[in-house]
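The structure under discussion appears below in the form of structure tokens.
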Amino acid sequence: MVRVMSEDPIDRSGLRPRFWERYTLDELTSSEWEALCDGCGKCCLLKLEDEDTGDVAYTSIACRLLDLKSRRCGQYALRRQLVQGCVIVRPDNLDEIASWMPRTCAYRLLFEGKGLEDWHPLNSGTPLSVEDAGIAPRFALTPEYDVEEDDFEDYVLNQQV
């Protein structure tokens, strides 16, 4: 198995012990909030919404800012300014966006009153557990700039994300 990263790019030091079990999402510090991200990169896959049904389909097209090797945003601090439509996950918008977030996403799980998975880096102690558990995308990702917008539907995934 090829490992993408050896170090956790998210600073998970100095956090309150098991904060995700002890505090509400509104009570988390900004460091704790960021530490909830498991680093799978699925939220940065382009999604298509059916205007009639509201159903959301994931594609294998990666946002133009996603670093395909690290599965991290290459311009995290500027993402909202650089990508129109980029949604920043916050406690006050989870009720609107949780339904289209990955089923394994910590933000979604906690919002739904569930716990973090055993493979989550906060439980496992390593960011590599996301790959070991098969949560990180194992399919080829196509950079957004390589696909014409009219062809996005050709990249819809048939598998659950």
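Chain labels run A, B, ... following the order of the structure tokens; each chain numbers its residues from 1, and ligands are numbered from 1 in the order shown.
Residues of segment 15-97 of chain A that DSSP places in strand (DSSP E or B), based on the backbone of this structure, are Leu45, Leu46, Lys47, Leu48, Glu49, Val56, Ala57, Tyr58, Thr59, Ser60, Ile61, Ala62, Leu66, Asp67, Arg72 and Cys73 of chain A.
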Self-check item: 10 Å contact set for segment 44-50 of chain A, only C-alpha atoms, chain neighbours under 3 positions out, as number ranges by chain
Solution: A: 40-41, 53-67, 71-73, 86-87, 100-101, 137, 141-144, 152-153, 155-157, 161
Exercise. Go ahead and compute the interatomic distance for atom CA of Asp95 of chain A and atom CA of Glu112 of chain A, in Å to one decimal.
Key: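 These atoms are spaced 9.5 Å apart.
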Quiz item: Out of A:Leu36, A:Leu82, A:Leu25, A:Ile10, which residue has the shortest atom-to-atom distance to Glu117 of chain A when counting only C-alpha atoms?
Solution: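 Answer, going by the shortest atom-to-atom distance: A:Leu36.
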Quiz item: By how many Å are atom CA of Arg16 of chain A and atom CA of Arg80 of chain A apart?
Solution: 28.7 Å
Practice problem: May I have all residues of chain A that DSSP, computed from the backbone, assigns to helix (DSSP H, G or I), given as JSON, numbers by chain? | Solution: {"A": [19, 20, 21, 22, 25, 26, 27, 30, 31, 32, 33, 34, 35, 42, 43, 44, 76, 77, 78, 79, 80, 81, 82, 94, 95, 96, 97, 98, 99, 100, 106, 107, 108, 109, 110, 111, 121, 122, 123, 124, 129, 130, 131, 132, 144, 145, 146, 149, 150, 151, 152, 153, 154, 155]}
For those residues, write C-alpha atoms to a file as a short mmCIF file (atom, residue, chain, number, x, y, z; two decimals), in the first residue's frame.
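Listing of part.cif after writing:
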data_model
loop_
_atom_site.label_atom_id
_atom_site.label_comp_id
_atom_site.auth_asym_id
_atom_site.auth_seq_id
_atom_site.Cartn_x
_atom_site.Cartn_y
_atom_site.Cartn_z
CA PHE A 19 -12.99 17.16 23.37
CA TRP A 20 -15.31 15.79 20.68
CA GLU A 21 -17.09 13.72 23.32
CA ARG A 22 -17.17 16.37 26.02
CA LEU A 25 -19.55 21.78 18.27
CA ASP A 26 -20.31 25.37 19.28
CA GLU A 27 -17.99 25.03 22.29
CA SER A 30 -10.68 26.82 16.47
CA SER A 31 -7.83 24.30 16.89
CA GLU A 32 -10.25 21.62 18.03
CA TRP A 33 -12.58 22.40 15.14
CA GLU A 34 -9.74 22.03 12.62
CA ALA A 35 -8.56 18.81 14.31
CA LYS A 42 -13.70 13.97 -0.03
CA CYS A 43 -15.24 17.34 0.78
CA CYS A 44 -13.07 18.81 -1.98
CA TYR A 76 -6.59 26.85 2.68
CA ALA A 77 -6.58 30.39 4.08
CA LEU A 78 -7.67 31.89 0.73
CA ARG A 79 -9.95 29.10 -0.50
CA ARG A 80 -13.16 31.11 -0.23
CA GLN A 81 -11.70 34.01 -2.22
CA LEU A 82 -10.17 31.77 -4.89
CA LEU A 94 -23.95 22.31 9.39
CA ASP A 95 -27.74 22.06 9.35
CA GLU A 96 -27.63 23.22 5.71
CA ILE A 97 -24.66 21.21 4.45
CA ALA A 98 -24.34 18.05 6.58
CA SER A 99 -26.53 16.00 4.24
CA TRP A 100 -24.10 16.34 1.34
CA ALA A 106 -16.44 13.91 11.67
CA TYR A 107 -18.35 17.17 11.35
CA ARG A 108 -21.36 15.35 9.96
CA LEU A 109 -21.14 12.48 12.45
CA LEU A 110 -20.96 14.80 15.47
CA PHE A 111 -23.72 17.01 14.08
CA PRO A 121 -6.80 10.32 13.58
CA LEU A 122 -8.05 11.69 16.92
CA ASN A 123 -8.78 8.11 18.01
CA SER A 124 -5.99 6.27 16.19
CA SER A 129 -5.40 5.42 9.64
CA VAL A 130 -7.66 7.20 7.13
CA GLU A 131 -5.89 5.33 4.34
CA ASP A 132 -5.58 2.07 6.26
CA GLU A 144 -10.96 20.34 -12.11
CA TYR A 145 -9.09 22.21 -14.83
CA ASP A 146 -8.81 19.02 -16.89
CA GLU A 149 -18.01 21.82 -17.13
CA ASP A 150 -20.38 20.25 -19.66
CA ASP A 151 -18.63 16.91 -19.03
CA PHE A 152 -18.89 16.89 -15.20
CA GLU A 153 -21.76 14.38 -15.29
CA ASP A 154 -19.42 11.86 -16.95
CA TYR A 155 -17.40 11.81 -13.70
#
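Atom CA of Pro17 of chain A lies 14.0 Å from atom CA of Leu116 of chain A.
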Self-check item: Distance criterion (only C-alpha atoms): nearest to Asp11 of chain A out of A:Asp52, A:Arg90, A:Arg103, A:Thr126
Solution: A:Thr126
